[in-house]
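Data file: upload-v9.txt. Format and content: compact mmCIF, C-alpha atoms.
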```txt
# COMPACT_ATOMS: atom_id res chain seq x y z
CA MET A 1 -100.98 -152.13 -67.68
CA ALA A 2 -104.28 -150.33 -68.11
CA SER A 3 -104.64 -146.96 -69.83
CA VAL A 4 -101.80 -144.64 -69.09
CA VAL A 5 -101.98 -140.98 -70.00
CA VAL A 6 -98.63 -139.34 -70.70
CA ARG A 7 -98.18 -135.64 -71.36
CA ASP A 8 -95.16 -133.41 -71.83
CA TYR A 9 -95.15 -129.64 -71.51
CA ILE A 10 -92.62 -126.90 -72.06
CA ILE A 11 -92.63 -124.26 -69.31
CA PRO A 12 -91.39 -121.00 -70.84
CA ALA A 13 -89.09 -118.77 -68.76
CA ASN A 14 -90.37 -115.51 -67.29
CA ASP A 15 -93.71 -115.66 -69.05
CA PHE A 16 -96.29 -114.92 -66.43
CA THR A 17 -99.15 -114.81 -68.92
CA ILE A 18 -98.98 -118.50 -69.77
CA ALA A 19 -97.52 -119.77 -66.50
CA GLY A 20 -100.00 -122.31 -65.18
CA GLU A 21 -101.15 -123.56 -68.61
CA ALA A 22 -99.66 -127.01 -68.04
CA SER A 23 -101.31 -127.33 -64.61
CA SER A 24 -104.60 -126.13 -66.02
CA ASN A 25 -104.41 -128.74 -68.77
CA VAL A 26 -103.61 -131.56 -66.32
CA ARG A 27 -106.46 -130.41 -64.12
CA LYS A 28 -108.84 -130.74 -67.08
CA ILE A 29 -107.57 -134.24 -67.89
CA LEU A 30 -108.03 -135.41 -64.28
CA SER A 31 -111.56 -134.01 -64.14
CA GLN A 32 -112.43 -135.72 -67.43
CA LEU A 33 -111.07 -139.00 -66.06
CA GLY A 34 -113.49 -138.66 -63.15
CA VAL A 35 -110.87 -138.24 -60.41
CA ALA A 36 -112.42 -136.99 -57.13
CA PRO A 37 -112.57 -133.16 -56.92
CA ASP A 38 -110.45 -132.92 -53.75
CA ILE A 39 -107.70 -134.98 -55.37
CA VAL A 40 -107.89 -132.82 -58.50
CA LYS A 41 -107.52 -129.74 -56.31
CA ARG A 42 -104.53 -131.10 -54.38
CA THR A 43 -102.79 -132.14 -57.59
CA SER A 44 -103.52 -128.78 -59.23
CA ILE A 45 -102.09 -126.80 -56.32
CA ALA A 46 -98.93 -128.90 -56.08
CA MET A 47 -98.26 -128.81 -59.83
CA TYR A 48 -99.11 -125.13 -60.23
CA GLU A 49 -96.71 -124.15 -57.44
CA ALA A 50 -93.96 -126.25 -59.05
CA GLU A 51 -94.70 -124.76 -62.46
CA ILE A 52 -94.60 -121.21 -61.09
CA ASN A 53 -91.31 -121.99 -59.34
CA ALA A 54 -89.81 -123.19 -62.63
CA VAL A 55 -90.90 -119.89 -64.25
CA ILE A 56 -89.68 -117.67 -61.39
CA HIS A 57 -86.50 -119.42 -60.28
CA GLY A 58 -85.57 -121.97 -62.91
CA ASN A 59 -85.55 -119.96 -66.17
CA GLY A 60 -88.39 -122.17 -67.33
CA GLY A 61 -88.22 -125.92 -67.76
CA GLN A 62 -90.36 -128.88 -68.65
CA ALA A 63 -93.11 -130.96 -67.13
CA HIS A 64 -93.65 -134.67 -67.67
CA VAL A 65 -96.91 -136.16 -66.44
CA GLU A 66 -97.98 -139.80 -66.18
CA ILE A 67 -101.43 -140.83 -65.06
CA ASP A 68 -102.55 -144.41 -64.46
CA GLU A 69 -105.63 -145.75 -62.70
CA ASN A 70 -104.09 -145.31 -59.23
CA LYS A 71 -102.00 -142.19 -59.30
CA ILE A 72 -100.50 -139.22 -61.06
CA VAL A 73 -96.76 -138.64 -61.16
CA ILE A 74 -95.58 -135.16 -62.18
CA THR A 75 -91.95 -134.38 -62.87
CA ILE A 76 -91.04 -130.72 -63.29
CA SER A 77 -87.43 -130.00 -64.06
CA ASP A 78 -85.38 -126.92 -64.82
CA GLN A 79 -81.76 -126.15 -65.56
CA GLY A 80 -81.79 -123.10 -63.29
CA PRO A 81 -79.56 -122.08 -60.39
CA GLY A 82 -80.68 -124.89 -58.05
CA ILE A 83 -81.57 -124.55 -54.37
CA GLU A 84 -78.68 -123.87 -52.03
CA ASP A 85 -80.29 -124.92 -48.77
CA LEU A 86 -83.31 -127.14 -49.39
CA GLU A 87 -84.21 -127.51 -45.72
CA LEU A 88 -84.35 -123.74 -45.33
CA ALA A 89 -86.31 -123.38 -48.57
CA MET A 90 -88.94 -125.82 -47.26
CA GLN A 91 -89.70 -123.52 -44.33
CA GLU A 92 -92.95 -121.61 -44.65
CA GLY A 93 -92.32 -117.96 -45.33
CA TYR A 94 -88.75 -118.36 -46.53
CA SER A 95 -88.28 -116.94 -50.01
CA THR A 96 -85.47 -115.81 -52.27
CA ALA A 97 -87.87 -114.27 -54.80
CA PRO A 98 -87.16 -110.64 -55.71
CA ASP A 99 -89.70 -107.83 -55.16
CA SER A 100 -90.65 -107.95 -58.84
CA ILE A 101 -92.01 -111.46 -58.27
CA ARG A 102 -93.79 -110.45 -55.09
CA GLU A 103 -95.54 -107.73 -57.06
CA MET A 104 -96.89 -110.51 -59.27
CA GLY A 105 -98.42 -112.20 -56.20
CA PHE A 106 -95.79 -114.87 -55.64
CA GLY A 107 -92.70 -115.21 -53.48
CA ALA A 108 -94.62 -115.63 -50.21
CA GLY A 109 -92.36 -118.52 -49.29
CA MET A 110 -95.30 -120.93 -49.33
CA GLY A 111 -94.65 -122.72 -52.63
CA LEU A 112 -92.63 -125.71 -51.42
CA SER A 113 -94.74 -126.20 -48.31
CA ASN A 114 -97.91 -126.03 -50.42
CA MET A 115 -96.39 -128.69 -52.70
CA LYS A 116 -95.54 -130.91 -49.75
CA LYS A 117 -98.95 -130.50 -48.15
CA ASN A 118 -100.79 -131.41 -51.34
CA SER A 119 -98.73 -134.33 -52.60
CA ASP A 120 -98.46 -137.86 -51.19
CA ILE A 121 -94.80 -138.16 -52.18
CA LEU A 122 -92.63 -135.13 -52.86
CA ASP A 123 -89.09 -135.68 -53.99
CA ILE A 124 -86.79 -132.79 -54.82
CA LYS A 125 -83.38 -133.21 -56.41
CA THR A 126 -81.38 -130.05 -56.71
CA ALA A 127 -77.79 -129.02 -57.37
CA VAL A 128 -76.40 -125.49 -57.39
CA ASN A 129 -75.87 -124.22 -60.95
CA GLU A 130 -77.31 -127.42 -62.39
CA GLY A 131 -81.03 -127.19 -61.75
CA THR A 132 -83.90 -128.67 -59.83
CA THR A 133 -86.21 -131.61 -60.45
CA VAL A 134 -89.41 -131.87 -58.47
CA ASN A 135 -91.28 -135.17 -58.40
CA ILE A 136 -94.86 -135.05 -57.19
CA THR A 137 -96.99 -138.18 -56.68
CA VAL A 138 -100.64 -138.04 -55.75
CA PHE A 139 -102.63 -141.24 -55.21
CA PHE A 140 -106.27 -141.29 -56.26
CA LYS A 141 -107.43 -143.55 -53.43
CA LYS A 142 -106.49 -143.31 -49.81
CA MET B 1 -124.76 -116.16 -48.69
CA LYS B 2 -125.69 -115.59 -52.31
CA LEU B 3 -123.24 -113.80 -54.60
CA SER B 4 -125.90 -111.15 -55.31
CA GLU B 5 -126.03 -110.24 -51.59
CA ILE B 6 -122.23 -110.08 -51.47
CA ALA B 7 -122.16 -107.79 -54.50
CA GLN B 8 -124.68 -105.53 -52.81
CA LEU B 9 -122.80 -105.41 -49.49
CA VAL B 10 -119.56 -104.22 -51.08
CA LYS B 11 -121.30 -102.21 -53.85
CA ALA B 12 -119.49 -104.27 -56.45
CA GLU B 13 -119.57 -103.85 -60.17
CA ILE B 14 -119.88 -107.07 -62.19
CA CYS B 15 -117.07 -107.50 -64.73
CA THR B 16 -117.83 -110.81 -66.45
CA LYS B 17 -120.77 -112.00 -68.54
CA ASN B 18 -121.04 -115.27 -66.58
CA TYR B 19 -122.49 -113.62 -63.44
CA ASP B 20 -124.82 -115.92 -61.52
CA PRO B 21 -126.52 -114.14 -58.59
CA ASP B 22 -127.44 -117.45 -56.96
CA ILE B 23 -123.93 -118.85 -56.45
CA GLU B 24 -123.68 -119.76 -52.75
CA ILE B 25 -120.56 -118.51 -50.99
CA PHE B 26 -119.69 -119.79 -47.52
CA SER B 27 -116.21 -118.47 -46.92
CA ALA B 28 -113.70 -115.97 -48.23
CA CYS B 29 -109.98 -115.32 -48.38
CA SER B 30 -108.36 -111.89 -48.66
CA ALA B 31 -104.79 -111.79 -49.94
CA ASP B 32 -102.46 -110.27 -52.49
CA LEU B 33 -100.05 -113.21 -52.39
CA MET B 34 -101.39 -116.14 -54.37
CA SER B 35 -99.41 -118.84 -52.53
CA ASP B 36 -101.10 -117.68 -49.34
CA VAL B 37 -104.42 -118.23 -51.08
CA MET B 38 -103.30 -121.75 -51.99
CA ALA B 39 -102.47 -122.49 -48.36
CA PHE B 40 -106.19 -121.99 -47.71
CA SER B 41 -108.52 -124.84 -48.44
CA LYS B 42 -112.20 -124.16 -47.91
CA SER B 43 -114.68 -124.83 -50.67
CA ASN B 44 -117.29 -122.51 -52.18
CA ALA B 45 -114.94 -119.70 -51.52
CA LEU B 46 -114.61 -116.14 -52.66
CA LEU B 47 -111.28 -114.38 -53.16
CA LEU B 48 -110.77 -110.70 -52.40
CA THR B 49 -107.56 -109.22 -53.78
CA GLY B 50 -105.86 -106.06 -54.94
CA LEU B 51 -103.61 -107.97 -57.31
CA ILE B 52 -104.22 -107.55 -61.03
CA ASN B 53 -102.62 -110.21 -63.23
CA PRO B 54 -103.63 -113.45 -64.97
CA GLN B 55 -102.24 -115.57 -62.13
CA VAL B 56 -105.15 -114.45 -59.96
CA ILE B 57 -107.51 -116.24 -62.34
CA ARG B 58 -105.21 -119.28 -62.51
CA THR B 59 -105.07 -119.46 -58.71
CA ALA B 60 -108.86 -119.21 -58.51
CA GLU B 61 -109.10 -122.03 -61.06
CA MET B 62 -106.75 -124.33 -59.12
CA MET B 63 -108.57 -123.58 -55.85
CA ASP B 64 -112.12 -124.02 -57.21
CA ILE B 65 -112.81 -120.42 -56.27
CA LYS B 66 -116.15 -119.37 -57.75
CA ALA B 67 -115.77 -115.60 -57.67
CA VAL B 68 -113.09 -112.93 -57.27
CA ILE B 69 -113.64 -109.38 -56.03
CA PHE B 70 -110.95 -106.84 -56.94
CA VAL B 71 -110.65 -104.13 -54.30
CA ARG B 72 -109.44 -100.50 -54.06
CA GLY B 73 -111.10 -99.57 -57.35
CA LYS B 74 -108.89 -101.88 -59.40
CA LYS B 75 -110.37 -103.38 -62.55
CA PRO B 76 -109.42 -106.71 -64.14
CA LEU B 77 -107.67 -106.63 -67.52
CA GLU B 78 -109.54 -107.70 -70.64
CA SER B 79 -107.32 -110.83 -70.87
CA MET B 80 -108.26 -111.73 -67.29
CA ILE B 81 -111.97 -111.30 -68.03
CA GLU B 82 -111.69 -113.60 -71.05
CA MET B 83 -109.80 -116.23 -69.06
CA ALA B 84 -112.28 -116.07 -66.17
CA GLU B 85 -115.29 -116.43 -68.48
CA GLU B 86 -113.67 -119.43 -70.13
CA LYS B 87 -113.07 -121.04 -66.72
CA GLY B 88 -116.47 -120.15 -65.26
CA ILE B 89 -115.17 -117.74 -62.62
CA VAL B 90 -117.15 -114.56 -61.87
CA LEU B 91 -115.17 -111.31 -61.52
CA LEU B 92 -116.41 -108.30 -59.56
CA ALA B 93 -114.81 -104.99 -58.58
CA THR B 94 -115.35 -102.69 -55.61
CA ASP B 95 -113.96 -99.30 -54.62
CA TYR B 96 -113.63 -100.37 -50.98
CA PRO B 97 -110.15 -101.24 -49.71
CA LEU B 98 -109.38 -104.87 -48.84
CA PHE B 99 -109.88 -104.48 -45.09
CA VAL B 100 -113.23 -102.73 -45.35
CA ALA B 101 -114.63 -105.05 -48.04
CA SER B 102 -113.55 -108.10 -45.99
CA GLY B 103 -114.99 -106.60 -42.80
CA LYS B 104 -118.37 -105.97 -44.38
CA LEU B 105 -118.60 -109.59 -45.52
CA TYR B 106 -117.30 -111.03 -42.24
CA LYS B 107 -119.78 -108.95 -40.22
CA ASN B 108 -122.57 -110.41 -42.32
CA GLY B 109 -121.65 -114.03 -41.76
CA ILE B 110 -118.99 -115.00 -44.32
CA GLY B 111 -116.35 -117.08 -42.54
CA GLY B 112 -112.69 -117.62 -43.18
CA HIS B 113 -109.92 -120.18 -42.89
CA GLY B 114 -108.66 -120.96 -39.41
CA GLU B 115 -111.85 -120.30 -37.47
```
Would you mind writing the structure in this file as structure tokens?
Amino acid sequence: MASVVVRDYIIPANDFTIAGEASSNVRKILSQLGVAPDIVKRTSIAMYEAEINAVIHGNGGQAHVEIDENKIVITISDQGPGIEDLELAMQEGYSTAPDSIREMGFGAGMGLSNMKKNSDILDIKTAVNEGTTVNITVFFKK
Amino acid sequence: MKLSEIAQLVKAEICTKNYDPDIEIFSACSADLMSDVMAFSKSNALLLTGLINPQVIRTAEMMDIKAVIFVRGKKPLESMIEMAEEKGIVLLATDYPLFVASGKLYKNGIGGHGE
């Protein structure tokens, strides 16, 4: 298999200052690899929303990223409270984020739908009191 | 419209050293919720917001937003200015509220998402 880039990141809990660092780093890698700007943007949005969710809801977590010549696969997992009703959570505007998070500019209830819109495959595995794992795949060519 | 004309229309103060008056802006988005900004997808965009925290700069980075105008007399933090300069995003600040600043730009030809 041709060149595969693998990266692992720790997503610290409740640290809004560095939230987004992992996504920013992946964005840089994709740009350096010459991936088309619209694909870089879609990937960045999907990963950033997942990263922010891990910070807000999941008590932090980790990100694992694999890039090959055709696609990027991002796995963001946390050991947080899990999502009780995933179908409801996918609805635009639905949010369980507290006001303190809304004051930080998040909790609009758009995170999961933004992830879905900007990924080619979105797979979410979640269990109450166990955590959530979000798998995002974006293909470089249509 | 050039960023210099936008700055003039909303009487904005320039907050970063990377100001380029010739940046072309075609559309804008006004919001305090960053996920709403990310649901918006036009290019060469400008963000108007009353939110002050580093995630505004991150959101602008992810969205390829070239410039951010902080409204209602709010000023970006030093850490935000540093981050924006590093990422090549111009920060401006105006005393106008969000609605008025947006209205002035819209009236002068800046479009938005959903038109």
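In this model, the gap between CA of Thr137 (chain A) and CA of Val56 (chain B) comes to 25.3 Å.
Interatomic distance, CA of Ser119 (chain A) against CA of Gly80 (chain A): 23.0 Å.
Note that the spacing between CA of Ala13 (chain A) and CA of Asp38 (chain A) amounts to 29.7 Å.
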Return as a Markdown table the residues of chain B lying at most 9 Å from chain A, together with the closest atom-to-atom pair for each and the distance in Å to one decimal, counting all atoms listed in the file, with rows in chain order and ascending residue number.
```
| residue | atom | partner | partner_atom | distance |
| --- | --- | --- | --- | --- |
| B:Ala31 | CA | A:Gly105 | CA | 8.9 |
| B:Asp32 | CA | A:Gly105 | CA | 5.8 |
| B:Leu33 | CA | A:Gly105 | CA | 4.3 |
| B:Met34 | CA | A:Gly105 | CA | 5.3 |
| B:Ser35 | CA | A:Met110 | CA | 5.6 |
| B:Asp36 | CA | A:Met110 | CA | 6.6 |
| B:Met38 | CA | A:Ile45 | CA | 6.8 |
| B:Ala39 | CA | A:Asn114 | CA | 6.1 |
| B:Leu51 | CA | A:Gly105 | CA | 6.8 |
| B:Ile52 | CA | A:Met104 | CA | 8.1 |
| B:Asn53 | CA | A:Met104 | CA | 7.0 |
| B:Pro54 | CA | A:Thr17 | CA | 6.1 |
| B:Gln55 | CA | A:Phe16 | CA | 7.4 |
| B:Val56 | CA | A:Gly105 | CA | 8.0 |
| B:Arg58 | CA | A:Gly20 | CA | 6.6 |
| B:Thr59 | CA | A:Ile45 | CA | 8.3 |
| B:Glu61 | CA | A:Ser24 | CA | 7.9 |
| B:Met62 | CA | A:Ser44 | CA | 5.5 |
| B:Met63 | CA | A:Lys41 | CA | 6.3 |
| B:Asp64 | CA | A:Lys41 | CA | 7.4 |
```
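Each of A:Ile67, A:Ala36, A:Ile136, A:Met90 was compared to Val6 (chain A) using all atoms listed in the file, and A:Ile67 turns out to be the nearest.
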If we count all atoms listed in the file and set the cut-off at 12 Å, which residues sit around Lys42 (chain B), ignoring sequence neighbours fewer than 2 positions away in its own chain? Please answer as a list in words. Asp38 and Lys41 of chain A; Ile25, Phe26, Ser27, Ala28, Cys29, Val37, Met38, Ala39, Phe40, Asn44, Ala45, Leu46, Leu47, Met63, Asp64, Ile65, Lys66, Ile110, Gly111, Gly112, His113, Gly114 and Glu115 of chain B
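Using all atoms listed in the file, the residues found no farther than 9 Å from Ser102 (chain B), other than those of its own chain fewer than 3 positions away, are Val10, Ala28, Cys29, Ser30, Leu48, Pro97, Leu98, Phe99, Leu105, Tyr106, Lys107 and Ile110 of chain B.
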Name the residues in contact with Ala12 (chain B) at a cut-off of 9 Å, using all atoms listed in the file, excluding same-chain residues fewer than 5 positions from it; report them as an NGL selection string. :B and (6-7 or 69-70 or 92-96)
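Using all atoms listed in the file for every distance, the candidate list A:Glu130, A:Asn25, A:Asp15, A:Lys116 yields A:Asn25 as the residue closest to Val65 (chain A).
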Could you give me, as a PyMOL selection string, the residues that sit within 12 Å of (-109.4, -111.5, -69.5) in the file's coordinates, counting all atoms listed in the file? (chain A and resi 17) or (chain B and resi 15-17+52-58+75-91)
Residues at most 8 Å from Thr75 (chain A), counting only C-alpha atoms, excluding those fewer than 2 positions away in the same chain, as a PDB file with C-alpha atoms, in the frame of the given file?
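Dumped to selection.pdb:
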```
ATOM      1  CA  ALA A  63     -93.110-130.960 -67.130  1.00  0.00           C
ATOM      2  CA  HIS A  64     -93.650-134.670 -67.670  1.00  0.00           C
ATOM      3  CA  VAL A  65     -96.910-136.160 -66.440  1.00  0.00           C
ATOM      4  CA  VAL A  73     -96.760-138.640 -61.160  1.00  0.00           C
ATOM      5  CA  SER A  77     -87.430-130.000 -64.060  1.00  0.00           C
ATOM      6  CA  THR A 133     -86.210-131.610 -60.450  1.00  0.00           C
ATOM      7  CA  VAL A 134     -89.410-131.870 -58.470  1.00  0.00           C
ATOM      8  CA  ASN A 135     -91.280-135.170 -58.400  1.00  0.00           C
ATOM      9  CA  ILE A 136     -94.860-135.050 -57.190  1.00  0.00           C
TER      10      ILE A 136
END
```
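Environment of (-97.6, -128.9, -73.8): residues at most 9 Å away, judged by only C-alpha atoms, are Arg7, Asp8, Tyr9, Ile10, Ile11, Glu21, Ala22, Asn25, Gln62 and Ala63 of chain A.
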Those same residues - C-alpha atoms - I'd like them written as a compact mmCIF listing (two decimals), in the frame of the given file.
```
# COMPACT_ATOMS: atom_id res chain seq x y z
CA ARG A 7 -98.18 -135.64 -71.36
CA ASP A 8 -95.16 -133.41 -71.83
CA TYR A 9 -95.15 -129.64 -71.51
CA ILE A 10 -92.62 -126.90 -72.06
CA ILE A 11 -92.63 -124.26 -69.31
CA GLU A 21 -101.15 -123.56 -68.61
CA ALA A 22 -99.66 -127.01 -68.04
CA ASN A 25 -104.41 -128.74 -68.77
CA GLN A 62 -90.36 -128.88 -68.65
CA ALA A 63 -93.11 -130.96 -67.13
```
Please supply region 14-27 of chain B, rebuilt with N, CA and C atoms, as a JSON list (two decimals), in the frame of the given file.
```json
[["chain", "number", "residue", "atom", "x", "y", "z"],
["B", 14, "ILE", "N", -120.10, -105.74, -61.62],
["B", 14, "ILE", "CA", -119.88, -107.07, -62.19],
["B", 14, "ILE", "C", -119.07, -106.93, -63.48],
["B", 15, "CYS", "N", -117.98, -107.68, -63.59],
["B", 15, "CYS", "CA", -117.07, -107.50, -64.73],
["B", 15, "CYS", "C", -117.16, -108.58, -65.79],
["B", 16, "THR", "N", -117.77, -109.72, -65.46],
["B", 16, "THR", "CA", -117.83, -110.81, -66.45],
["B", 16, "THR", "C", -119.27, -111.10, -66.85],
["B", 17, "LYS", "N", -119.43, -111.71, -68.01],
["B", 17, "LYS", "CA", -120.77, -112.00, -68.54],
["B", 17, "LYS", "C", -121.38, -113.24, -67.88],
["B", 18, "ASN", "N", -120.55, -114.00, -67.15],
["B", 18, "ASN", "CA", -121.04, -115.27, -66.58],
["B", 18, "ASN", "C", -121.60, -115.10, -65.17],
["B", 19, "TYR", "N", -122.00, -113.89, -64.80],
["B", 19, "TYR", "CA", -122.49, -113.62, -63.44],
["B", 19, "TYR", "C", -123.72, -114.45, -63.12],
["B", 20, "ASP", "N", -123.67, -115.15, -61.99],
["B", 20, "ASP", "CA", -124.82, -115.92, -61.52],
["B", 20, "ASP", "C", -125.13, -115.46, -60.10],
["B", 21, "PRO", "N", -126.23, -114.71, -59.91],
["B", 21, "PRO", "CA", -126.52, -114.14, -58.59],
["B", 21, "PRO", "C", -126.75, -115.19, -57.52],
["B", 22, "ASP", "N", -127.07, -116.42, -57.93],
["B", 22, "ASP", "CA", -127.44, -117.45, -56.96],
["B", 22, "ASP", "C", -126.28, -118.33, -56.48],
["B", 23, "ILE", "N", -125.07, -118.06, -56.94],
["B", 23, "ILE", "CA", -123.93, -118.85, -56.45],
["B", 23, "ILE", "C", -123.85, -118.69, -54.93],
["B", 24, "GLU", "N", -123.76, -119.82, -54.22],
["B", 24, "GLU", "CA", -123.68, -119.76, -52.75],
["B", 24, "GLU", "C", -122.22, -119.67, -52.32],
["B", 25, "ILE", "N", -121.91, -118.69, -51.50],
["B", 25, "ILE", "CA", -120.56, -118.51, -50.99],
["B", 25, "ILE", "C", -120.59, -118.68, -49.47],
["B", 26, "PHE", "N", -119.70, -119.54, -48.96],
["B", 26, "PHE", "CA", -119.69, -119.79, -47.52],
["B", 26, "PHE", "C", -118.49, -119.16, -46.82],
["B", 27, "SER", "N", -117.39, -119.02, -47.58],
["B", 27, "SER", "CA", -116.21, -118.47, -46.92],
["B", 27, "SER", "C", -115.41, -117.63, -47.91]]
```
